[in-house]
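Peer 1: Here you go, one structure.
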Amino acid sequence: MSGRGLARLAPLVLVLAGSLSACGDDADPATGSPAASESPSSSPSSSPSSSTSEDESGSEDTGDDTVTVEVTREGDTFTPNGERVEMAVGQTLVLQVTADEAGELHVHSTPEQDLAYEAGTSEHEITVDRPGVVEVESHDPDSIVLQLEVR
C-alpha cells in the first residue's frame with residue numbers, strides 16, 4: 001500500500017480506536033474504581049411489602065404471599081384469556097370469579113384441582129407446590145384462562 005493510502009487510513013483508525021476505548025471501561029477516572037450503575041437493581045426484594053400492586057394480567061400481589069386474579073366469564077368468553085401469572089412455589093393464588101353462568105375451572109397441577117363456581121361472584125384459593133407452568137382452564141367452553149408460572 002502506498003504512503004498516500006496509509007495517510008487516508010490513519011484518521012479512520014484513530015476514530016475507530018477512540019470509539020472502542022470509550023466502550024471498554026466503566027471505571028471512574030477520578031478514583032479508578034468501577035463506576036456506579038445508573039440502572040435499577042434487577043434482584044428481587046426480600047422484604048415483604050404491605051402495598052398492593054397490579055401487573056399486566058390484572059393480577060395483584062398483596063404483599064402477604066397471596067396473588068389475586070380477577071376472572072370474568074361472559075357467555076363463552078373468559079378474561080383473562082391465557083395470560084401468564086408468575087407466582088412462587090407454595091404461594092396462594094386467589095381467583096375472584098365473576099360469571100354469568102355456573103361452571104368449573106380445572107387446575108392442571110399435581111394433584112389436579114377443580115374449582116366449581118356459580119353464577120355471580122365467588123372466590124377460590126389454590127396453591128401449587130411444584131415449579132413449572134400450570135394451566136387453569138375451562139372444558140365447557142374449552143378455554144385456557146391462565147398459565148401459572150410457578151418458580
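We label chains A, B, ... in the order they appear in the C-alpha cells, count residues from 1 in each chain, and number ligands from 1 in the order shown.
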Find the spatial neighbours of region 76-78 of chain A, counting only C-alpha atoms, within a cut-off of 12 Å - ignore same-chain residues fewer than 6 positions away - and output them as a list in words.
Peer 2: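 Counting only C-alpha atoms, the residues come to Glu70, Val97, Thr98, Ala99, Asp100, Glu101, Ala102, Gly103, Leu105, Val136, Glu137, Ser138, His139, Asp140, Pro141, Asp142, Ser143, Ile144, Val145 and Leu146 of chain A.
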Peer 1: What lies within 6 Å of Val94 (chain A) using only C-alpha atoms, ignoring chain neighbours under 6 positions off, as a PyMOL selection string?
Peer 2: chain A and resi 68+124-125
Peer 1: Could you save the residues just selected, with C-alpha atoms, as a PDB file, in the first residue's frame?
Peer 2:
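Heads up, here's the output in selection-v1.pdb:
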ATOM      1  CA  THR A  68     -55.194 -12.264  43.372  1.00  0.00           C
ATOM      2  CA  HIS A 124     -61.367 -19.602  45.185  1.00  0.00           C
ATOM      3  CA  GLU A 125     -57.895 -20.244  46.602  1.00  0.00           C
TER       4      GLU A 125
END
Peer 1: I'd like to know which of A:Asp65, A:Val89, A:Gln96, A:Val150 is closest to Gly120 (chain A), using only C-alpha atoms.
Peer 2: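 Closest residue, counting only C-alpha atoms: A:Gln96.
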Peer 1: Please compute the CA of Met87 (chain A)-CA of Glu74 (chain A) distance, one decimal, in Å.
Peer 2: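 One can read the CA of Met87 (chain A) to CA of Glu74 (chain A) distance as 26.2 Å.
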Peer 1: If I take CA of Glu104 (chain A) and CA of Arg151 (chain A), how far is one from the other in Å, to one decimal?
Peer 2: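 Calculated distance between CA of Glu104 (chain A) and CA of Arg151 (chain A) is 25.6 Å.
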Peer 1: Just to confirm, what's the straight-line distance from CA of Ser109 (chain A) to CA of Leu148 (chain A) in Å (one decimal)?
Peer 2: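 Here the two named atoms are 9.6 Å from each other.
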